[in-house]
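Q: My structure is in coords_36.cif, and what it holds is mmCIF, C-alpha atoms:
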```cif
data_model
loop_
_atom_site.label_atom_id
_atom_site.label_comp_id
_atom_site.auth_asym_id
_atom_site.auth_seq_id
_atom_site.Cartn_x
_atom_site.Cartn_y
_atom_site.Cartn_z
CA MET A 1 -29.62 0.83 -5.72
CA ASN A 2 -26.36 2.62 -6.50
CA GLN A 3 -23.73 0.89 -4.38
CA ASN A 4 -21.49 3.94 -4.29
CA ALA A 5 -24.09 6.62 -3.54
CA PRO A 6 -24.11 8.32 -0.12
CA HIS A 7 -26.96 7.53 2.23
CA GLY A 8 -30.21 9.16 1.19
CA GLU A 9 -29.03 10.17 -2.29
CA ARG A 10 -30.78 8.93 -5.40
CA PRO A 11 -28.55 7.67 -8.23
CA GLY A 12 -27.81 10.30 -10.83
CA THR A 13 -28.65 13.28 -8.61
CA GLY A 14 -26.56 15.87 -6.84
CA SER A 15 -23.32 15.24 -8.72
CA GLY A 16 -22.50 18.90 -9.32
CA GLY A 17 -19.17 20.37 -8.31
CA LEU A 18 -20.85 22.81 -5.87
CA ARG A 19 -22.47 20.08 -3.79
CA PRO A 20 -21.21 20.22 -0.18
CA LEU A 21 -18.87 17.45 0.85
CA ARG A 22 -20.37 14.79 3.11
CA LEU A 23 -19.26 11.83 5.16
CA TYR A 24 -19.83 8.50 3.42
CA THR A 25 -22.57 7.08 5.64
CA ALA A 26 -24.41 4.71 3.33
CA SER A 27 -26.68 2.12 4.86
CA GLY A 28 -24.85 -0.75 6.49
CA THR A 29 -26.79 -3.18 4.31
CA GLU A 30 -25.14 -1.82 1.18
CA GLU A 31 -21.92 -3.27 -0.16
CA ARG A 32 -19.53 -0.51 -1.14
CA HIS A 33 -16.94 -0.92 -3.90
CA ALA A 34 -14.15 1.12 -5.41
CA SER A 35 -15.27 3.67 -7.99
CA TRP A 36 -13.87 3.80 -11.52
CA LEU A 37 -11.86 6.90 -10.56
CA GLU A 38 -10.33 5.09 -7.59
CA LEU A 39 -9.30 2.23 -9.86
CA PHE A 40 -7.77 4.72 -12.30
CA PHE A 41 -5.99 6.40 -9.39
CA ASP A 42 -4.48 3.08 -8.30
CA LEU A 43 -3.24 2.36 -11.82
CA VAL A 44 -1.35 5.66 -11.96
CA PHE A 45 0.61 4.52 -8.93
CA VAL A 46 1.92 1.66 -11.08
CA VAL A 47 4.23 4.28 -12.62
CA ALA A 48 5.75 5.09 -9.25
CA VAL A 49 6.00 1.43 -8.17
CA ALA A 50 7.61 0.55 -11.52
CA ALA A 51 10.14 3.38 -11.05
CA LEU A 52 11.02 2.03 -7.60
CA ALA A 53 11.36 -1.50 -8.98
CA GLU A 54 13.58 -0.28 -11.81
CA TRP A 55 15.78 1.59 -9.34
CA LEU A 56 16.15 -1.52 -7.18
CA HIS A 57 16.98 -3.63 -10.25
CA HIS A 58 20.05 -1.44 -10.78
CA HIS A 59 21.02 -1.46 -7.09
CA LEU A 60 20.92 -5.13 -6.07
CA THR A 61 22.73 -4.66 -2.78
CA LEU A 62 21.76 -4.60 0.87
CA ALA A 63 22.14 -0.82 0.84
CA GLY A 64 19.99 -0.68 -2.29
CA LEU A 65 17.28 -2.73 -0.59
CA VAL A 66 17.25 -0.39 2.42
CA THR A 67 17.11 2.68 0.17
CA PHE A 68 14.33 1.14 -1.92
CA THR A 69 12.30 0.50 1.25
CA ALA A 70 12.85 4.07 2.44
CA LEU A 71 11.75 5.53 -0.91
CA PHE A 72 8.72 3.24 -0.97
CA VAL A 73 7.42 4.88 2.24
CA PRO A 74 6.41 8.30 0.78
CA VAL A 75 4.92 6.68 -2.33
CA TRP A 76 2.85 4.26 -0.22
CA TRP A 77 1.84 7.00 2.17
CA LEU A 78 0.55 9.25 -0.59
CA TRP A 79 -1.53 6.39 -1.95
CA LEU A 80 -2.89 5.62 1.51
CA ASP A 81 -3.61 9.26 2.33
CA PHE A 82 -5.68 10.02 -0.74
CA SER A 83 -7.30 6.58 -0.76
CA TYR A 84 -8.47 6.93 2.82
CA TYR A 85 -9.77 10.43 2.23
CA ALA A 86 -11.91 9.05 -0.61
CA ASP A 87 -12.95 6.29 1.79
CA GLN A 88 -14.10 8.77 4.42
CA PHE A 89 -15.97 11.25 2.26
CA ASP A 90 -18.32 11.15 -0.71
CA PRO A 91 -16.01 10.76 -3.73
CA HIS A 92 -18.70 11.63 -6.29
CA ASN A 93 -18.27 15.37 -6.00
CA TRP A 94 -16.84 16.65 -9.28
CA SER A 95 -14.60 19.13 -7.48
CA PHE A 96 -12.93 16.21 -5.69
CA LYS A 97 -12.62 14.28 -8.94
CA LEU A 98 -10.76 17.16 -10.59
CA VAL A 99 -8.46 17.45 -7.58
CA LEU A 100 -7.73 13.73 -7.67
CA LEU A 101 -6.91 13.89 -11.38
CA SER A 102 -4.39 16.65 -10.69
CA VAL A 103 -2.88 14.51 -7.92
CA MET A 104 -2.48 11.67 -10.40
CA PHE A 105 -0.37 13.90 -12.64
CA GLY A 106 1.66 14.88 -9.58
CA ILE A 107 2.38 11.20 -8.91
CA ILE A 108 3.73 10.89 -12.46
CA VAL A 109 6.08 13.81 -11.79
CA LEU A 110 7.12 12.24 -8.49
CA ALA A 111 7.88 8.96 -10.27
CA GLN A 112 10.22 10.76 -12.66
CA ALA A 113 12.21 12.05 -9.68
CA ILE A 114 12.59 8.62 -8.04
CA PRO A 115 15.75 7.46 -9.91
CA GLU A 116 17.72 10.41 -8.47
CA ALA A 117 15.54 11.12 -5.43
CA LEU A 118 18.59 10.91 -3.16
CA GLY A 119 20.79 12.76 -5.63
CA SER A 120 20.26 15.44 -8.25
CA SER A 121 16.43 15.18 -8.15
CA SER A 122 16.03 15.40 -4.37
CA VAL A 123 14.72 18.98 -4.53
CA LEU A 124 12.17 18.02 -7.23
CA PHE A 125 11.12 14.99 -5.17
CA ALA A 126 10.65 17.08 -2.01
CA ALA A 127 8.87 19.92 -3.84
CA THR A 128 6.48 17.52 -5.60
CA TYR A 129 5.72 15.64 -2.40
CA ALA A 130 5.16 18.93 -0.56
CA THR A 131 2.75 20.06 -3.26
CA LEU A 132 0.74 16.87 -2.93
CA ARG A 133 0.83 17.22 0.84
CA GLY A 134 -0.59 20.73 0.46
CA ILE A 135 -3.45 19.33 -1.59
CA ILE A 136 -4.43 16.79 1.05
CA ILE A 137 -4.33 19.55 3.69
CA GLY A 138 -6.72 21.59 1.55
CA LEU A 139 -9.02 18.58 1.23
CA TYR A 140 -9.15 18.10 5.00
CA LEU A 141 -9.85 21.80 5.52
CA TRP A 142 -12.68 21.44 3.00
CA ALA A 143 -14.04 18.50 4.99
CA TRP A 144 -13.64 20.44 8.26
CA ARG A 145 -15.84 23.18 6.86
CA HIS A 146 -18.62 20.99 5.46
CA VAL A 147 -18.69 17.82 7.59
CA SER A 148 -19.42 18.80 11.17
CA GLU A 149 -19.50 15.23 12.56
CA SER A 150 -15.83 14.72 11.61
CA ARG A 151 -14.59 18.20 12.53
CA GLU A 152 -12.35 17.06 15.40
CA LEU A 153 -10.71 14.42 13.21
CA THR A 154 -10.20 16.67 10.19
CA ALA A 155 -8.79 19.48 12.31
CA ARG A 156 -6.15 17.18 13.75
CA TYR A 157 -5.26 15.81 10.33
CA ALA A 158 -4.96 19.29 8.83
CA LEU A 159 -2.80 20.49 11.74
CA SER A 160 -0.36 17.56 11.78
CA PHE A 161 -0.07 17.48 7.99
CA SER A 162 0.62 21.24 8.00
CA LEU A 163 3.45 20.71 10.48
CA ALA A 164 4.88 17.97 8.27
CA LEU A 165 4.51 20.20 5.20
CA ALA A 166 6.60 22.88 6.92
CA VAL A 167 9.34 20.30 7.48
CA TRP A 168 9.20 19.19 3.82
CA LEU A 169 9.45 22.77 2.61
CA PHE A 170 12.30 23.54 4.99
CA SER A 171 14.17 20.46 3.75
CA ILE A 172 14.38 21.98 0.26
CA TRP A 173 16.74 24.66 1.58
CA VAL A 174 18.84 22.27 3.67
CA PRO A 175 21.84 20.41 2.22
CA THR A 176 22.05 16.63 2.07
CA PRO A 177 22.19 14.36 4.01
CA LEU A 178 20.32 16.47 6.60
CA ARG A 179 17.57 16.93 4.00
CA PHE A 180 16.83 13.21 4.09
CA TRP A 181 16.66 13.13 7.89
CA LEU A 182 14.06 15.90 7.70
CA TRP A 183 12.07 13.79 5.24
CA GLY A 184 12.08 10.98 7.79
CA LEU A 185 10.89 13.35 10.52
CA ALA A 186 8.07 14.68 8.33
CA LEU A 187 6.93 11.16 7.43
CA LEU A 188 7.02 10.14 11.10
CA ILE A 189 4.69 13.05 11.93
CA GLU A 190 2.31 12.14 9.11
CA ILE A 191 2.21 8.40 9.70
CA GLY A 192 1.95 8.71 13.48
CA ASN A 193 -0.95 11.14 13.24
CA GLY A 194 -3.55 8.55 12.19
CA PRO A 195 -3.39 6.14 15.13
CA LEU A 196 -2.82 8.96 17.63
CA THR A 197 -5.91 10.78 16.35
CA TYR A 198 -8.26 7.81 16.13
CA LEU A 199 -7.23 6.44 19.51
CA THR A 200 -7.74 9.75 21.35
CA ILE A 201 -10.64 11.62 19.69
CA ARG A 202 -13.91 11.70 21.58
CA GLN A 203 -16.04 10.23 18.79
CA VAL A 204 -14.91 8.25 15.76
CA PRO A 205 -16.85 9.21 12.60
CA ALA A 206 -18.51 6.01 11.44
CA GLN A 207 -18.28 6.17 7.69
CA VAL A 208 -18.88 3.06 5.58
CA SER A 209 -15.38 1.92 4.62
CA HIS A 210 -14.12 -0.04 1.63
CA MET A 211 -10.40 0.30 2.42
CA ASP A 212 -10.05 -3.48 2.73
CA GLU A 213 -10.98 -3.76 -0.94
CA ARG A 214 -8.59 -0.93 -1.84
CA PHE A 215 -5.75 -2.77 -0.07
CA GLY A 216 -6.57 -5.94 -1.99
CA LEU A 217 -6.70 -4.11 -5.31
CA PHE A 218 -3.28 -2.60 -4.69
CA VAL A 219 -1.91 -6.04 -3.84
CA ILE A 220 -3.10 -7.13 -7.29
CA ILE A 221 -1.28 -4.14 -8.81
CA VAL A 222 2.07 -4.95 -7.19
CA LEU A 223 1.62 -8.63 -8.03
CA GLY A 224 1.13 -7.50 -11.62
CA GLU A 225 4.41 -5.63 -11.35
CA ALA A 226 6.06 -8.86 -10.15
CA VAL A 227 4.67 -10.73 -13.17
CA VAL A 228 5.99 -7.97 -15.43
CA ALA A 229 9.39 -8.46 -13.77
CA VAL A 230 9.28 -12.18 -14.65
CA SER A 231 8.48 -11.24 -18.24
CA ALA A 232 11.30 -8.69 -18.31
CA GLY A 233 13.71 -11.32 -17.03
CA VAL A 234 13.13 -13.55 -20.06
CA THR A 235 13.06 -10.82 -22.71
CA GLU A 236 16.65 -11.13 -23.90
CA ILE A 237 17.60 -14.71 -23.05
CA ASN A 238 17.44 -18.03 -24.80
CA TRP A 239 14.70 -20.28 -23.58
CA ASP A 240 17.00 -22.98 -22.25
CA GLY A 241 16.06 -25.35 -19.45
CA PRO A 242 17.35 -23.46 -16.37
CA ALA A 243 16.00 -20.09 -17.52
CA LEU A 244 12.60 -21.54 -18.41
CA LEU A 245 12.30 -23.38 -15.10
CA THR A 246 13.44 -20.34 -13.12
CA ALA A 247 10.83 -18.19 -14.86
CA LEU A 248 8.18 -20.83 -14.18
CA GLY A 249 9.27 -21.02 -10.54
CA GLY A 250 9.17 -17.24 -10.27
CA PHE A 251 5.63 -17.16 -11.60
CA GLY A 252 4.73 -19.87 -9.10
CA VAL A 253 6.11 -17.69 -6.29
CA ALA A 254 3.83 -14.83 -7.42
CA VAL A 255 0.83 -17.19 -7.49
CA CYS A 256 1.60 -18.41 -3.97
CA LEU A 257 1.86 -14.85 -2.66
CA TRP A 258 -1.54 -14.13 -4.21
CA LEU A 259 -3.06 -17.19 -2.57
CA LEU A 260 -1.52 -16.52 0.84
CA TYR A 261 -2.97 -13.02 0.88
CA PHE A 262 -6.42 -13.62 -0.59
CA ILE A 263 -7.34 -16.96 0.99
CA ARG A 264 -7.81 -15.03 4.23
CA ALA A 265 -8.91 -11.70 2.76
CA ASP A 266 -11.52 -10.02 4.95
CA ALA A 267 -13.54 -7.21 3.36
CA ALA A 268 -14.90 -5.76 6.61
CA VAL A 269 -11.90 -5.27 8.96
CA ILE A 270 -11.88 -1.45 8.85
CA ASN A 271 -15.67 -1.19 8.94
CA ARG A 272 -15.89 -3.27 12.11
CA ALA A 273 -13.04 -1.37 13.75
CA LEU A 274 -14.72 2.00 13.17
CA ARG A 275 -17.71 0.76 15.16
CA SER A 276 -15.77 -0.99 17.92
CA ASP A 277 -13.52 -0.10 20.86
CA ARG A 278 -10.02 1.37 20.99
CA ARG A 279 -8.36 -2.06 20.86
CA ALA A 280 -10.11 -2.84 17.58
CA LEU A 281 -8.95 0.50 16.19
CA PHE A 282 -5.37 -0.25 17.23
CA LEU A 283 -5.52 -3.65 15.53
CA ALA A 284 -6.97 -1.98 12.44
CA TYR A 285 -3.82 0.17 12.24
CA VAL A 286 -1.64 -2.92 12.59
CA TYR A 287 -3.70 -4.39 9.76
CA GLY A 288 -3.49 -1.29 7.57
CA TYR A 289 0.15 -0.35 8.13
CA SER A 290 1.35 -3.94 7.66
CA HIS A 291 0.27 -3.60 4.05
CA PHE A 292 3.30 -1.38 3.43
CA PHE A 293 5.59 -4.40 3.83
CA VAL A 294 3.22 -6.53 1.75
CA PHE A 295 3.44 -4.03 -1.12
CA ALA A 296 7.19 -3.44 -0.83
CA GLY A 297 7.92 -7.13 -0.28
CA ILE A 298 6.06 -8.28 -3.38
CA THR A 299 7.78 -5.60 -5.48
CA ALA A 300 11.25 -6.55 -4.17
CA ALA A 301 10.61 -10.26 -4.70
CA GLY A 302 9.63 -9.56 -8.31
CA VAL A 303 12.88 -7.65 -8.86
CA GLY A 304 14.83 -10.55 -7.36
CA ILE A 305 13.15 -13.03 -9.69
CA GLU A 306 13.88 -10.74 -12.64
CA ALA A 307 17.58 -10.89 -11.71
CA ALA A 308 17.54 -14.66 -11.16
CA ILE A 309 16.30 -15.59 -14.65
CA PRO A 310 19.21 -14.21 -16.74
CA ALA A 311 21.66 -15.43 -14.08
CA ALA A 312 20.24 -18.94 -14.49
CA ALA A 313 20.58 -18.66 -18.27
CA ALA A 314 24.23 -17.62 -17.90
CA GLY A 315 25.01 -20.36 -15.40
CA GLN A 316 25.94 -17.81 -12.74
CA GLY A 317 25.03 -17.68 -9.08
CA LEU A 318 23.18 -14.84 -7.42
CA PRO A 319 25.36 -12.56 -5.24
CA LEU A 320 24.37 -11.78 -1.67
CA GLY A 321 22.69 -8.49 -2.61
CA ALA A 322 20.42 -10.07 -5.21
CA ARG A 323 19.59 -12.97 -2.88
CA SER A 324 18.75 -10.48 -0.16
CA VAL A 325 16.36 -8.63 -2.46
CA LEU A 326 14.60 -11.83 -3.53
CA CYS A 327 14.49 -13.55 -0.15
CA GLY A 328 14.03 -10.31 1.77
CA GLY A 329 10.96 -9.47 -0.30
CA VAL A 330 9.40 -12.85 0.44
CA ILE A 331 10.27 -12.55 4.14
CA ALA A 332 8.72 -9.08 4.33
CA PHE A 333 5.55 -10.37 2.69
CA LEU A 334 5.27 -13.40 4.98
CA LEU A 335 5.77 -11.42 8.19
CA ALA A 336 3.49 -8.56 7.11
CA ALA A 337 0.72 -10.83 5.80
CA SER A 338 0.88 -12.78 9.06
CA ALA A 339 0.68 -9.56 11.09
CA LEU A 340 -2.31 -8.16 9.21
CA GLN A 341 -4.17 -11.47 9.24
CA TRP A 342 -3.42 -11.90 12.95
CA ALA A 343 -4.85 -8.42 13.58
CA SER A 344 -8.10 -9.17 11.75
CA PRO A 345 -11.10 -10.25 13.86
CA ARG A 346 -10.75 -13.92 12.91
CA SER A 347 -6.99 -13.79 13.53
CA LEU A 348 -4.50 -16.38 12.29
CA PRO A 349 -4.34 -19.93 13.74
CA ALA A 350 -1.20 -20.64 15.78
CA LEU A 351 -0.09 -23.46 13.46
CA LEU A 352 -0.26 -21.24 10.39
CA LEU A 353 1.54 -18.40 12.17
CA ALA A 354 4.34 -20.74 13.26
CA SER A 355 4.57 -22.14 9.73
CA ARG A 356 4.86 -18.63 8.27
CA LEU A 357 7.65 -17.77 10.71
CA ALA A 358 9.47 -21.02 9.86
CA ALA A 359 9.19 -20.26 6.14
CA ALA A 360 10.56 -16.76 6.74
CA GLY A 361 13.51 -18.30 8.62
CA TRP A 362 14.04 -20.71 5.72
CA CYS A 363 14.21 -17.80 3.27
CA ALA A 364 16.64 -15.95 5.54
CA ALA A 365 18.92 -18.99 5.54
CA LEU A 366 18.73 -19.14 1.74
CA ALA A 367 19.70 -15.47 1.51
CA LEU A 368 22.75 -15.98 3.74
CA LEU A 369 23.89 -19.43 2.62
CA GLY A 370 22.44 -19.70 -0.88
CA GLY A 371 25.64 -18.64 -2.63
CA VAL A 372 26.37 -22.28 -3.34
CA LEU A 373 22.99 -22.72 -5.04
CA SER A 374 22.07 -21.99 -8.62
CA PRO A 375 19.38 -19.33 -9.20
CA LEU A 376 17.03 -22.11 -10.30
CA ALA A 377 17.56 -24.06 -7.08
CA LEU A 378 17.14 -20.91 -5.01
CA VAL A 379 13.82 -19.96 -6.64
CA LEU A 380 12.51 -23.53 -6.45
CA LEU A 381 13.41 -23.85 -2.76
CA ILE A 382 11.59 -20.59 -2.02
CA GLY A 383 8.65 -21.82 -4.07
CA LEU A 384 8.65 -25.14 -2.19
CA ALA A 385 8.28 -23.31 1.14
CA LEU A 386 5.44 -21.17 -0.21
CA VAL A 387 3.62 -24.14 -1.77
CA SER A 388 3.81 -25.90 1.60
CA LEU A 389 2.23 -22.87 3.27
CA VAL A 390 -0.55 -22.78 0.68
CA GLY A 391 -1.16 -26.48 1.30
CA LEU A 392 -1.61 -25.84 5.01
CA GLU A 393 -4.01 -22.99 4.24
CA VAL A 394 -6.12 -25.07 1.88
CA ARG A 395 -6.36 -28.02 4.28
CA GLY A 396 -7.33 -25.77 7.19
CA PRO A 397 -10.67 -24.02 7.77
CA VAL A 398 -11.28 -21.16 5.34
CA PRO A 399 -12.66 -17.94 6.90
CA GLN A 400 -16.32 -17.33 6.10
CA THR A 401 -15.48 -13.87 4.72
CA GLN A 402 -13.18 -15.34 2.07
CA LYS A 403 -14.68 -14.55 -1.33
CA ALA A 404 -11.67 -13.55 -3.45
CA LEU A 405 -10.94 -17.02 -4.83
CA GLU A 406 -14.49 -18.20 -5.37
#
```
Represent the structure of the file as structure tokens.

A:
Amino acid sequence: MNQNAPHGERPGTGSGGLRPLRLYTASGTEERHASWLELFFDLVFVVAVAALAEWLHHHLTLAGLVTFTALFVPVWWLWLDFSYYADQFDPHNWSFKLVLLSVMFGIIVLAQAIPEALGSSSVLFAATYATLRGIIIGLYLWAWRHVSESRELTARYALSFSLALAVWLFSIWVPTPLRFWLWGLALLIEIGNGPLTYLTIRQVPAQVSHMDERFGLFVIIVLGEAVVAVSAGVTEINWDGPALLTALGGFGVAVCLWLLYFIRADAAVINRALRSDRRALFLAYVYGYSHFFVFAGITAAGVGIEAAIPAAAAGQGLPLGARSVLCGGVIAFLLAASALQWASPRSLPALLLASRLAAAGWCAALALLGGVLSPLALVLLIGLALVSLVGLEVRGPVPQTQKALE
């Protein structure tokens, strides 16, 4: 049976562009996976993530880290918005596929505006984002018309996103820095709409979700960006001992982050929440929104490792800004991964949670006091903390839903 076909539809039928949109309500016995188009869509976001990483690489300061995090929000939110729409509704309609392909080109344009998003390209950034926001509003209006069982939800999404779109458009005509405050307001409206809607609507549409898999796939993408950063760090250096060991340690950090996320990966968190009470829905939002800091943290850690490798080769220490990017990225990952795994139905054992918090504190101390350490020592000490966490995970009970490493 076609794993991605809506309930009651035979494979290979009804794929025309004029087919009415429908809620994805496949049988609960089916296992749903990302489509080829969704995988392609995720890969296009690599361009935007790479642009953010490149920007951070040239702004290795505390202010640069804050700005990087702020710019990561609209990129992440666009990915989440379109991904969740495809999760809710049948993505096999050719009209939707063409729309999604146009969105992918829009993401490429948005990525080109990122280097000067807070400068000369701020109008282009806002106009591109507003255009993409207009597309998602049109998609929800389309769903409101054709999918009666989700009409209350889609109406609320279309209304709140329209309000946010008005703020984005208004920001184009407002000078900086007020323009950026308006961006923050618009994003607050958009991001706050989801939990407010799902926690207050009379009936939650029970589609079959595969967002857990989409989150995991995007983790793989940002981990790939971190590995690319390690490779970039060794491109123009001699392979001497400190540089080689720092690169090896950096790769080990990426491996540990992969293990810490996927050992406890649960592929049914969102599905269970959609069929449970309001508390489960709230925890599902903690789970979903925590992924922002997982994505941003991995990306920042990769940039920090990229900076550490040539510094090790030159026998130089890492300044506070670069240490903050490296250690801050790891801290963000540890706290966010702990939050999302705590919010999952099987939660996170108290010992592992305490160990994660201790490791985050260790990384914070390294960021503040690590000026006396070489880049090699800094990376190895971070890696030592992460390896210890992985050891605790491996020795403890593995959740029954864990399939990613088998």

Q: Report the distance between CA of Ala254 in chain A and CA of Trp36 in chain A in Å, rounded to one decimal place.

A: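 Pair CA of Ala254 in chain A / CA of Trp36 in chain A returns 26.0 Å.
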
Q: To test your reading of the syntax: which residues would the PyMOL selection byres ((chain A and resi 50) around 10) return for the file shown? Reply as a list in words.

A: Phe45, Val46, Val47, Ala48, Val49, Ala51, Leu52, Ala53, Glu54, Trp55, Leu56, Ala111, Val222, Glu225, Ala226, Val228, Ala229 and Thr299 of chain A

Q: Contacts of Arg179 in chain A at 12 Å or less, counting all atoms listed in the file, minus same-chain residues fewer than 3 places along, as a list in words?

A: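 Contacts, in chain order: Ala117, Leu118, Gly119, Ser122, Val123, Phe125, Ala126, Val167, Trp168, Leu169, Phe170, Ser171, Ile172, Trp173, Val174, Pro175, Thr176, Leu182, Trp183, Gly184, Leu185 and Ala186 of chain A.
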
Q: Going by the chain IDs and residue numbers used in this file, which residues fall under the PyMOL selection byres ((chain A and resi 326) around 12)? Write them as a short mmCIF file (atom, residue, chain, number, x, y, z; two decimals) with C-alpha atoms, in the coordinates of the input.

A:
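Written output follows (result26.cif):
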```
data_model
loop_
_atom_site.label_atom_id
_atom_site.label_comp_id
_atom_site.auth_asym_id
_atom_site.auth_seq_id
_atom_site.Cartn_x
_atom_site.Cartn_y
_atom_site.Cartn_z
CA LEU A 56 16.15 -1.52 -7.18
CA HIS A 57 16.98 -3.63 -10.25
CA LEU A 60 20.92 -5.13 -6.07
CA THR A 61 22.73 -4.66 -2.78
CA LEU A 62 21.76 -4.60 0.87
CA LEU A 65 17.28 -2.73 -0.59
CA ALA A 226 6.06 -8.86 -10.15
CA ALA A 229 9.39 -8.46 -13.77
CA GLY A 250 9.17 -17.24 -10.27
CA VAL A 253 6.11 -17.69 -6.29
CA ALA A 254 3.83 -14.83 -7.42
CA ALA A 296 7.19 -3.44 -0.83
CA GLY A 297 7.92 -7.13 -0.28
CA ILE A 298 6.06 -8.28 -3.38
CA THR A 299 7.78 -5.60 -5.48
CA ALA A 300 11.25 -6.55 -4.17
CA ALA A 301 10.61 -10.26 -4.70
CA GLY A 302 9.63 -9.56 -8.31
CA VAL A 303 12.88 -7.65 -8.86
CA GLY A 304 14.83 -10.55 -7.36
CA ILE A 305 13.15 -13.03 -9.69
CA GLU A 306 13.88 -10.74 -12.64
CA ALA A 307 17.58 -10.89 -11.71
CA ALA A 308 17.54 -14.66 -11.16
CA ILE A 309 16.30 -15.59 -14.65
CA LEU A 318 23.18 -14.84 -7.42
CA PRO A 319 25.36 -12.56 -5.24
CA LEU A 320 24.37 -11.78 -1.67
CA GLY A 321 22.69 -8.49 -2.61
CA ALA A 322 20.42 -10.07 -5.21
CA ARG A 323 19.59 -12.97 -2.88
CA SER A 324 18.75 -10.48 -0.16
CA VAL A 325 16.36 -8.63 -2.46
CA CYS A 327 14.49 -13.55 -0.15
CA GLY A 328 14.03 -10.31 1.77
CA GLY A 329 10.96 -9.47 -0.30
CA VAL A 330 9.40 -12.85 0.44
CA ILE A 331 10.27 -12.55 4.14
CA ALA A 332 8.72 -9.08 4.33
CA PHE A 333 5.55 -10.37 2.69
CA CYS A 363 14.21 -17.80 3.27
CA ALA A 364 16.64 -15.95 5.54
CA LEU A 366 18.73 -19.14 1.74
CA ALA A 367 19.70 -15.47 1.51
CA LEU A 368 22.75 -15.98 3.74
CA GLY A 370 22.44 -19.70 -0.88
CA PRO A 375 19.38 -19.33 -9.20
CA LEU A 378 17.14 -20.91 -5.01
CA VAL A 379 13.82 -19.96 -6.64
CA ILE A 382 11.59 -20.59 -2.02
CA GLY A 383 8.65 -21.82 -4.07
#
```

Q: Evaluating the PyMOL selection byres ((chain A and resi 159-162) around 10) on the displayed file yields which residues, as a PyMOL selection string?

A: chain A and resi 130+133-134+136-138+140-141+154-158+163-168+186-187+189-194+197

Q: Give the answer as one residue: which of A:Ala206, A:Leu259, A:Met104, A:Ala284 has the shortest atom-to-atom distance to Ser344 in chain A, using all atoms listed in the file?

A: A:Ala284

Q: Given all atoms listed in the file as the basis, pick out the residue of A:Leu78, A:Ala268, A:Leu43, A:Val394 nearest to Phe292 in chain A.

A: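 Closest to Phe292 in chain A, using all atoms listed in the file: A:Leu78.
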
Q: CA of Ala247 in chain A to CA of Ser388 in chain A: how many Å, to one decimal?

A: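 Interatomic distance here is 19.5 Å.
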
Q: Could you jot down the CA of Val147 in chain A to CA of Val99 in chain A separation for me, Å, one decimal place?

A: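 Those two atoms sit 18.3 Å apart.
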
Q: Kindly list the centre and edge lengths in Å, rounded to one decimal, for the axis-aligned box that covers all listed atoms of range 363-378 of chain A plus 3 Å on each of its six sides, as AutoDock Vina command-line options.

A:
```
--center_x 20.3 --center_y -19.8 --center_z -2.4 --size_x 18.2 --size_y 14.6 --size_z 21.8
```

Q: Neighbours of Glu38 in chain A within 9 Å (all atoms listed in the file; same-chain residues fewer than 5 positions away dropped), as an NGL selection string?

A: :A and (43 or 83 or 86 or 91 or 214)

Q: Which one is closest to Leu257 in chain A: A:Leu101, A:Leu223, A:Ala113, A:Leu245? Count all atoms listed in the file.

A: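 Of the candidates, the smallest distance to Leu257 in chain A is held by A:Leu223.
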
Q: Give the answer as one residue: which of A:Ala312, A:Thr246, A:Ser148, A:Pro74 has the shortest atom-to-atom distance to Tyr129 in chain A, using all atoms listed in the file?

A: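 Between A:Ala312, A:Thr246, A:Ser148, A:Pro74, the residue approaching Tyr129 in chain A most closely is A:Pro74.
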
Q: I'd like the contact shell of Ala350 in chain A - 12 Å cut-off, all atoms listed in the file, skipping same-chain residues fewer than 5 positions apart - returned as a list in words.

A: Ser338, Gln341, Trp342, Ser355, Arg356, Leu357, Leu392 and Gly396 of chain A

Q: My list of candidates is A:Asn93, A:Gln88, A:Ser102, A:Gln316. Which is closest to Val208 in chain A when distances are computed with all atoms listed in the file?

A: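 Of A:Asn93, A:Gln88, A:Ser102, A:Gln316, the one nearest Val208 in chain A is A:Gln88, counting all atoms listed in the file.
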
Q: Which residue out of A:Arg32, A:Phe251, A:Leu98, A:Ile201 has the minimum interatomic distance to Asn271 in chain A when only C-alpha atoms are used?

A: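 Nearest to Asn271 in chain A: A:Arg32.
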
Q: Applying 9 Å and only C-alpha atoms, which residues near Leu199 in chain A remain after dropping the ones on its own chain fewer than 2 positions away? List them as a PDB file with C-alpha atoms, in the coordinates of the input.

A:
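Output contents, as saved in out.pdb:
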```pdb
ATOM      1  CA  GLY A 194      -3.550   8.550  12.190  1.00  0.00           C
ATOM      2  CA  PRO A 195      -3.390   6.140  15.130  1.00  0.00           C
ATOM      3  CA  LEU A 196      -2.820   8.960  17.630  1.00  0.00           C
ATOM      4  CA  THR A 197      -5.910  10.780  16.350  1.00  0.00           C
ATOM      5  CA  ILE A 201     -10.640  11.620  19.690  1.00  0.00           C
ATOM      6  CA  ARG A 202     -13.910  11.700  21.580  1.00  0.00           C
ATOM      7  CA  VAL A 204     -14.910   8.250  15.760  1.00  0.00           C
ATOM      8  CA  ARG A 278     -10.020   1.370  20.990  1.00  0.00           C
ATOM      9  CA  ARG A 279      -8.360  -2.060  20.860  1.00  0.00           C
ATOM     10  CA  LEU A 281      -8.950   0.500  16.190  1.00  0.00           C
ATOM     11  CA  PHE A 282      -5.370  -0.250  17.230  1.00  0.00           C
TER      12      PHE A 282
END
```

Q: Please return, as a PyMOL selection string, all polymer residues that have at least one atom within 8 Å of the point (-6.1, -20.9, -0.8); use only C-alpha atoms and the file's own coordinate frame.

A: chain A and resi 259-260+262-264+390-391+393-394+405
